[in-house]
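Trainee: Below is a structure I'd like to ask you about.
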Amino acid sequence: MSLYAWTVVCGWAASQVAALLTCVISVLDLIWSVVAPRKGAPAPRVVLITGASSGIGKALAIDYASPGMTLVLTGRNMERLREVSDACDAKGAAVILKAIDVTDESGMRDWIAAVDTDHPIDLVVANAGVSEATAAVQNDPAGAARTILPINVFGLLNTVVPLIEPMKARGRGQIAIVSSLAGFGPITSSAAYSASKAAVKTWGEALRTELLCFGVRVNVVCPGFVRSPMTAVNKFYMPGLINMDEAIACIREGLACDLPVIAFPSFTYFLAQMSGALPVAAREALARLGVLSGLFFYRRGPKGRSAAAESAGSEGAASKRD
Ligand SMILES: NC(=O)c1ccc[n+]([C@@H]2O[C@H](COP(=O)([O-])OP(=O)(O)OC[C@H]3O[C@@H](n4cnc5c(N)ncnc54)[C@H](OP(=O)(O)O)[C@@H]3O)[C@@H](O)[C@H]2O)c1
């Protein structure tokens with residue numbers, strides 16, 4: 001057998017053994033998560049939420065609002081932030097508002113440091129984000145990456161990083177990193193979004209182990225499809241689409257129990273895990289067939305061919321002309 005064939009066979013065998021071990025470890029992990037004594041996280045009194053002017057961030061802010069609670073809310077749209085602030089105020093919470101773009105690194109650092117000095121933050125929810133549809137960059141792969149990654153990845157870092165040292169010094173604090181089930185496997189037509197969510201998921205999981213011994217908890221939140229302004233503009237079928245109140249209940253309970261990864265709903269989580277585990281050849285075969293690829297149904301071209309086949313065809317034709 002050639003060296004190449006050996007490499008392929010050994011690589012395949014190694015991945016199968018790894019998959020089997022992962023199954024065994026997952027079962028042990030499940031048993032441990034049920035029987036292990038969990039301290040959970042103390043109830044936060046000061047909560048910073050980015051992307052609080054809409055969707056999940058807005059609903060979470062209103063849900064946390066109660067007497068004695070201080071909510072530090074940001075977004076870019078001050079008008080919508082004020083509406084959220086009024087709703088929180090009506091429930092007895094103190095609210096600090098700031099209209100700021102999460103990509104403004106120095107602005108975020110200075111503002112967060114100032115707020116944290118006056119009101120030490122117990123919980124930060126790094127939630128602000130955009131998708132291909134909300135950023136209106138659907139048919140522009142390079143533009144999508146250049147627009148989405150700075151907000152979803154670096155905007156999240158700009159939110160979390162200024163709080164790491166102060167929380168470590170206090171020996172307490174909680175950091176919720178809003179990723180997505182898209183972080184588990186690439187999604188057709190959402191390459192930049194999937195990449196951004198995979199990046200923050202991995203970063204968050206690593207950060208959790210790094211900060212564990214300093215008393216700082218890090219939780220990665222991976223929602224499936226939730227009814228919000230973000231999903232309202234999607235034109236494709238969204239399996240397992242859930243209502244906002246279900247999502248908020250899952251996030252709050254997951255944070256209170258200090259779950260490392262808060263992934264929901266279960267069926268979409270299963271689909272996402274399967275999608276991530278699909279061998280590349282199987283993913284490509286499904287894409288060619290024009291059926292399920294990743295989590296989405298593949299959009300077909302005008303003559304029943306898949307969109308990928310259409311664009312590959314036209315690119316091929318163009319290169320032939322050249
Ligand atoms: N909805 C879902 O199905 C779903 C599923 C998985 C993960 N998620 C994640 O959950 C988070 C919230 O999603 P959502 O459904 O609530 O979306 P949404 O309704 O579109 O809200 C997005 C929020 O992010 C803020 N934002 C966007 N770009 C920003 C920027 N550059 N600087 C500051 N704030 C910015 C927006 O504020 P302004 O409009 O004021 O700028 C808005 O408050 C996102 O990270 C998303 O990826 C959502």
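We name chains A, B, ... following the order of the structure tokens; residues begin at 1 in each chain, and ligands are numbered from 1 as shown.
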Got a sec to check which residues lie within 6 Å of ligand 1, using only C-alpha atoms and all ligand atoms, and send them as number ranges by chain?
Mentor: A: 51-57, 75-77, 100-103, 127-130, 151, 178-180, 223-231
Trainee: Filtering to N, CA and C atoms, could you give me those residues as an mmCIF file, in the first residue's frame?
Mentor:
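Result written to result_30.cif:
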```cif
data_model
loop_
_atom_site.group_PDB
_atom_site.id
_atom_site.type_symbol
_atom_site.label_atom_id
_atom_site.label_comp_id
_atom_site.auth_asym_id
_atom_site.auth_seq_id
_atom_site.Cartn_x
_atom_site.Cartn_y
_atom_site.Cartn_z
ATOM 1 N N GLY A 51 -25.974 44.615 22.928
ATOM 2 C CA GLY A 51 -27.068 44.233 22.021
ATOM 3 C C GLY A 51 -28.385 44.211 22.757
ATOM 4 N N ALA A 52 -28.537 45.165 23.701
ATOM 5 C CA ALA A 52 -29.742 45.168 24.552
ATOM 6 C C ALA A 52 -30.893 45.954 23.917
ATOM 7 N N SER A 53 -30.673 46.480 22.712
ATOM 8 C CA SER A 53 -31.735 47.288 22.091
ATOM 9 C C SER A 53 -32.718 46.434 21.298
ATOM 10 N N SER A 54 -32.488 45.123 21.229
ATOM 11 C CA SER A 54 -33.325 44.287 20.356
ATOM 12 C C SER A 54 -33.236 42.824 20.777
ATOM 13 N N GLY A 55 -34.180 42.030 20.321
ATOM 14 C CA GLY A 55 -34.131 40.570 20.405
ATOM 15 C C GLY A 55 -33.766 39.984 21.763
ATOM 16 N N ILE A 56 -32.778 39.104 21.755
ATOM 17 C CA ILE A 56 -32.399 38.344 22.953
ATOM 18 C C ILE A 56 -31.897 39.271 24.064
ATOM 19 N N GLY A 57 -31.049 40.242 23.695
ATOM 20 C CA GLY A 57 -30.485 41.166 24.695
ATOM 21 C C GLY A 57 -31.584 41.972 25.374
ATOM 22 N N GLY A 75 -26.146 49.268 22.971
ATOM 23 C CA GLY A 75 -26.531 48.947 21.606
ATOM 24 C C GLY A 75 -26.121 50.179 20.823
ATOM 25 N N ARG A 76 -26.497 50.262 19.547
ATOM 26 C CA ARG A 76 -26.161 51.488 18.816
ATOM 27 C C ARG A 76 -27.353 52.431 18.741
ATOM 28 N N ASN A 77 -28.556 51.862 18.826
ATOM 29 C CA ASN A 77 -29.765 52.661 18.622
ATOM 30 C C ASN A 77 -30.322 53.156 19.968
ATOM 31 N N ILE A 100 -23.164 52.724 21.924
ATOM 32 C CA ILE A 100 -21.767 52.576 21.480
ATOM 33 C C ILE A 100 -21.670 51.366 20.557
ATOM 34 N N ASP A 101 -20.774 51.476 19.590
ATOM 35 C CA ASP A 101 -20.526 50.366 18.669
ATOM 36 C C ASP A 101 -19.508 49.444 19.334
ATOM 37 N N VAL A 102 -19.792 48.152 19.388
ATOM 38 C CA VAL A 102 -18.875 47.232 20.084
ATOM 39 C C VAL A 102 -17.512 47.133 19.402
ATOM 40 N N THR A 103 -17.425 47.582 18.160
ATOM 41 C CA THR A 103 -16.124 47.514 17.466
ATOM 42 C C THR A 103 -15.202 48.673 17.884
ATOM 43 N N ASN A 127 -23.473 39.837 23.878
ATOM 44 C CA ASN A 127 -24.554 39.325 23.049
ATOM 45 C C ASN A 127 -24.672 40.006 21.689
ATOM 46 N N ALA A 128 -24.146 41.240 21.554
ATOM 47 C CA ALA A 128 -24.331 41.981 20.297
ATOM 48 C C ALA A 128 -23.796 41.166 19.122
ATOM 49 N N GLY A 129 -24.561 41.134 18.051
ATOM 50 C CA GLY A 129 -24.094 40.381 16.888
ATOM 51 C C GLY A 129 -24.952 40.637 15.672
ATOM 52 N N VAL A 130 -24.394 40.287 14.519
ATOM 53 C CA VAL A 130 -25.141 40.423 13.260
ATOM 54 C C VAL A 130 -25.002 39.125 12.465
ATOM 55 N N ILE A 151 -17.577 42.537 14.258
ATOM 56 C CA ILE A 151 -18.631 42.743 15.264
ATOM 57 C C ILE A 151 -18.752 41.510 16.168
ATOM 58 N N VAL A 178 -22.196 34.910 23.966
ATOM 59 C CA VAL A 178 -23.300 34.440 23.116
ATOM 60 C C VAL A 178 -22.737 34.002 21.759
ATOM 61 N N SER A 179 -22.706 32.682 21.594
ATOM 62 C CA SER A 179 -22.301 32.072 20.330
ATOM 63 C C SER A 179 -23.588 31.638 19.626
ATOM 64 N N SER A 180 -23.627 30.434 19.115
ATOM 65 C CA SER A 180 -24.815 29.937 18.398
ATOM 66 C C SER A 180 -24.604 28.455 18.133
ATOM 67 N N PRO A 223 -27.649 29.369 21.303
ATOM 68 C CA PRO A 223 -29.059 29.186 20.950
ATOM 69 C C PRO A 223 -29.202 28.599 19.552
ATOM 70 N N GLY A 224 -30.320 27.886 19.357
ATOM 71 C CA GLY A 224 -30.727 27.510 17.995
ATOM 72 C C GLY A 224 -31.509 28.692 17.444
ATOM 73 N N PHE A 225 -32.476 28.427 16.564
ATOM 74 C CA PHE A 225 -33.256 29.537 16.003
ATOM 75 C C PHE A 225 -34.273 30.055 17.023
ATOM 76 N N VAL A 226 -34.190 31.362 17.294
ATOM 77 C CA VAL A 226 -35.096 32.010 18.252
ATOM 78 C C VAL A 226 -35.844 33.112 17.498
ATOM 79 N N ARG A 227 -37.156 33.227 17.730
ATOM 80 C CA ARG A 227 -37.913 34.312 17.068
ATOM 81 C C ARG A 227 -37.401 35.657 17.557
ATOM 82 N N SER A 228 -36.791 36.418 16.651
ATOM 83 C CA SER A 228 -36.247 37.738 16.997
ATOM 84 C C SER A 228 -36.118 38.520 15.690
ATOM 85 N N PRO A 229 -35.800 39.819 15.763
ATOM 86 C CA PRO A 229 -35.593 40.553 14.513
ATOM 87 C C PRO A 229 -34.527 39.913 13.622
ATOM 88 N N MET A 230 -33.555 39.205 14.236
ATOM 89 C CA MET A 230 -32.513 38.563 13.424
ATOM 90 C C MET A 230 -33.079 37.448 12.564
ATOM 91 N N THR A 231 -33.926 36.599 13.143
ATOM 92 C CA THR A 231 -34.469 35.479 12.369
ATOM 93 C C THR A 231 -35.669 35.899 11.525
#
```
Trainee: So that I can check the surroundings of Val72 in chain A, please list as a list in words every protein, DNA and RNA residue that reaches within 8 Å of it, counting only C-alpha atoms and ignoring chain neighbours fewer than 2 positions away.
Mentor: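 Selected residues are Val46, Val47, Leu48, Ile49, Thr70, Thr74, Val95, Ile96, Leu97 and Lys98 of chain A.
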Trainee: Compare A:Ala99, A:Val200, A:Val125, A:Val261 by their minimum atom-to-atom distance to Leu149 in chain A, counting only C-alpha atoms, and give me the closest one.
Mentor: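 The answer is A:Val200, which sits nearest to Leu149 in chain A.
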Trainee: For Ala65 in chain A, work out the shell of residues within 10 Å, counting only C-alpha atoms and skipping chain neighbours fewer than 4 positions away, then give it as a compact mmCIF listing (two decimals) with C-alpha atoms, in the first residue's frame.
Mentor:
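Done, and the output landed in selection.txt:
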```txt
# COMPACT_ATOMS: atom_id res chain seq x y z
CA ARG A 45 -26.89 42.36 41.09
CA VAL A 47 -25.50 42.97 34.78
CA ALA A 59 -35.69 40.29 26.42
CA LEU A 60 -32.90 39.25 28.80
CA ALA A 61 -32.61 42.80 30.19
CA MET A 69 -30.78 45.17 40.17
CA THR A 70 -28.53 47.50 38.13
CA LEU A 71 -28.65 46.92 34.38
CA SER A 85 -34.73 51.16 29.74
CA ALA A 87 -39.51 48.72 30.58
CA CYS A 88 -36.71 47.82 33.03
CA ASP A 89 -37.31 50.97 35.04
CA ALA A 90 -41.01 50.07 35.36
CA LYS A 91 -39.93 46.77 36.97
CA GLY A 92 -37.84 48.61 39.57
CA ALA A 93 -34.31 48.21 38.16
CA ALA A 94 -31.69 50.96 37.97
CA VAL A 95 -30.50 51.35 34.38
```
Trainee: For Cys257 in chain A, which of A:Arg217, A:Arg283, A:Lys201, A:Arg146 is the closest residue, counting only C-alpha atoms?
Mentor: A:Arg217
Trainee: May I have all residues of range 33-156 of chain A that DSSP, computed from the backbone, assigns to strand (DSSP E), given as a list of chain:residue names?
Mentor: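 Strand (DSSP E) members of range 33-156 of chain A, listed: A:Val46, A:Val47, A:Leu48, A:Ile49, A:Thr70, A:Leu71, A:Val72, A:Leu73, A:Thr74, A:Gly75, A:Ala94, A:Val95, A:Ile96, A:Leu97, A:Lys98, A:Ala99, A:Leu123, A:Val124, A:Val125, A:Ala126.
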Trainee: With DSSP run on the backbone, what are the alpha helix (DSSP H) residues within range 54-275 of chain A? I'd like them as a short mmCIF file (atom, residue, chain, number, x, y, z; two decimals) with C-alpha atoms, in the first residue's frame.
Mentor:
```
data_model
loop_
_atom_site.label_atom_id
_atom_site.label_comp_id
_atom_site.auth_asym_id
_atom_site.auth_seq_id
_atom_site.Cartn_x
_atom_site.Cartn_y
_atom_site.Cartn_z
CA GLY A 55 -34.13 40.57 20.40
CA ILE A 56 -32.40 38.34 22.95
CA GLY A 57 -30.48 41.17 24.70
CA LYS A 58 -33.63 43.24 25.13
CA ALA A 59 -35.69 40.29 26.42
CA LEU A 60 -32.90 39.25 28.80
CA ALA A 61 -32.61 42.80 30.19
CA ILE A 62 -36.35 43.02 30.86
CA ASP A 63 -36.32 39.55 32.41
CA TYR A 64 -33.44 40.44 34.77
CA MET A 78 -30.46 55.01 21.57
CA GLU A 79 -34.16 55.30 20.80
CA ARG A 80 -34.71 51.53 21.09
CA LEU A 81 -32.40 51.39 24.12
CA ARG A 82 -34.58 54.00 25.88
CA GLU A 83 -37.69 51.85 25.29
CA VAL A 84 -35.91 48.90 26.93
CA SER A 85 -34.73 51.16 29.74
CA ASP A 86 -38.31 52.34 30.40
CA ALA A 87 -39.51 48.72 30.58
CA CYS A 88 -36.71 47.82 33.03
CA ASP A 89 -37.31 50.97 35.04
CA ALA A 90 -41.01 50.07 35.36
CA GLU A 105 -12.13 49.11 21.15
CA SER A 106 -10.87 52.10 23.14
CA GLY A 107 -14.39 53.50 23.64
CA MET A 108 -15.60 50.15 25.02
CA ARG A 109 -12.51 49.72 27.23
CA ASP A 110 -12.77 53.20 28.79
CA TRP A 111 -16.54 53.09 29.27
CA ILE A 112 -16.58 49.56 30.76
CA ALA A 113 -13.70 50.40 33.10
CA ALA A 114 -15.52 53.54 34.31
CA VAL A 115 -18.82 51.68 34.89
CA ASP A 116 -17.05 48.78 36.61
CA THR A 117 -15.29 51.15 39.01
CA ASP A 118 -18.62 52.64 40.18
CA PRO A 141 -18.71 36.29 0.93
CA ALA A 142 -15.67 38.54 1.41
CA GLY A 143 -17.75 41.54 2.44
CA ALA A 144 -19.72 39.34 4.85
CA ALA A 145 -16.54 38.17 6.57
CA ARG A 146 -15.17 41.73 6.78
CA THR A 147 -18.45 43.00 8.24
CA ILE A 148 -19.44 40.15 10.55
CA LEU A 149 -16.12 39.07 12.10
CA GLY A 155 -16.77 43.30 19.36
CA LEU A 156 -17.21 40.41 21.80
CA LEU A 157 -13.55 40.59 22.82
CA ASN A 158 -13.89 44.36 23.32
CA THR A 159 -16.77 43.63 25.73
CA VAL A 160 -15.22 40.80 27.72
CA VAL A 161 -11.49 41.57 27.88
CA PRO A 162 -11.78 44.83 29.93
CA LEU A 163 -13.56 42.85 32.67
CA ILE A 164 -11.21 39.87 32.94
CA GLU A 165 -8.57 41.46 35.19
CA PRO A 166 -11.07 43.30 37.47
CA MET A 167 -13.09 40.07 37.91
CA LYS A 168 -9.93 38.06 38.60
CA ALA A 169 -8.86 40.65 41.20
CA ARG A 170 -12.29 40.38 42.89
CA ALA A 191 -20.07 31.03 6.21
CA ALA A 192 -18.93 34.21 7.98
CA TYR A 193 -21.60 33.96 10.69
CA SER A 194 -20.77 30.27 11.36
CA ALA A 195 -17.05 31.07 11.48
CA SER A 196 -17.60 33.95 13.91
CA LYS A 197 -19.72 31.81 16.23
CA ALA A 198 -17.26 28.88 16.12
CA ALA A 199 -14.45 31.32 17.00
CA VAL A 200 -16.16 32.80 20.06
CA LYS A 201 -17.37 29.36 21.20
CA THR A 202 -13.82 27.98 21.17
CA TRP A 203 -12.44 31.14 22.76
CA GLY A 204 -15.07 31.01 25.51
CA GLU A 205 -14.49 27.33 26.27
CA ALA A 206 -10.75 27.95 26.58
CA LEU A 207 -11.31 31.07 28.71
CA ARG A 208 -13.51 29.06 31.09
CA THR A 209 -10.69 26.68 31.94
CA GLU A 210 -8.25 29.59 32.22
CA LEU A 211 -10.39 31.56 34.69
CA PRO A 229 -35.59 40.55 14.51
CA MET A 230 -32.51 38.56 13.42
CA THR A 231 -34.47 35.48 12.37
CA ALA A 232 -37.48 37.49 11.13
CA MET A 244 -38.14 34.26 22.97
CA ASP A 245 -39.50 33.36 26.43
CA GLU A 246 -38.27 29.75 26.04
CA ALA A 247 -34.82 31.02 25.01
CA ILE A 248 -34.61 33.42 27.94
CA ALA A 249 -35.62 30.68 30.41
CA CYS A 250 -32.88 28.38 29.01
CA ILE A 251 -30.24 31.13 29.18
CA ARG A 252 -31.12 32.27 32.71
CA GLU A 253 -31.29 28.74 34.10
CA GLY A 254 -28.06 27.75 32.34
CA LEU A 255 -26.27 30.79 33.78
CA ALA A 256 -27.68 30.20 37.25
CA SER A 266 -32.27 19.84 22.28
CA PHE A 267 -33.38 18.68 18.83
CA THR A 268 -31.59 21.49 16.98
CA TYR A 269 -28.57 20.91 19.24
CA PHE A 270 -28.59 17.29 18.09
CA LEU A 271 -28.86 18.39 14.42
CA ALA A 272 -26.00 20.86 14.89
CA GLN A 273 -23.79 18.20 16.50
CA MET A 274 -24.58 15.81 13.64
CA SER A 275 -23.92 18.52 11.08
#
```
Trainee: Would you mind reading off the distance between CA of Leu73 in chain A and CA of Asp122 in chain A, one decimal, in Å?
Mentor: 13.8 Å
Trainee: Could you tell me how far CA of Leu212 in chain A lies from CA of Pro44 in chain A, in Å and to one decimal?
Mentor: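 Going from CA of Leu212 in chain A over to CA of Pro44 in chain A covers 17.8 Å.
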Trainee: Could you tell me how far CA of Glu132 in chain A lies from CA of Val221 in chain A, in Å and to one decimal?
Mentor: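 Answer for the CA of Glu132 in chain A to CA of Val221 in chain A separation: 19.8 Å.
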Trainee: Calculated over only C-alpha atoms, which of the candidates A:Ser2, A:Ala277, A:Pro186, A:Asp104 has the smallest distance to Pro150 in chain A?
Mentor: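 Nearest candidate to Pro150 in chain A out of A:Ser2, A:Ala277, A:Pro186, A:Asp104: A:Asp104.
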Trainee: Under the rule of at most 10 Å, produce a per-residue listing of range 130-198 of chain A near range 20-43 of chain A: chain, number, name, the closest pair of atoms, and the distance in Å, as a tab-separated table, using only C-alpha atoms.
Mentor:
```
residue	atom	partner	partner_atom	distance
A:Arg172	CA	A:Pro42	CA	9.5
A:Gly173	CA	A:Ala41	CA	8.8
A:Gln174	CA	A:Ala41	CA	7.9
```
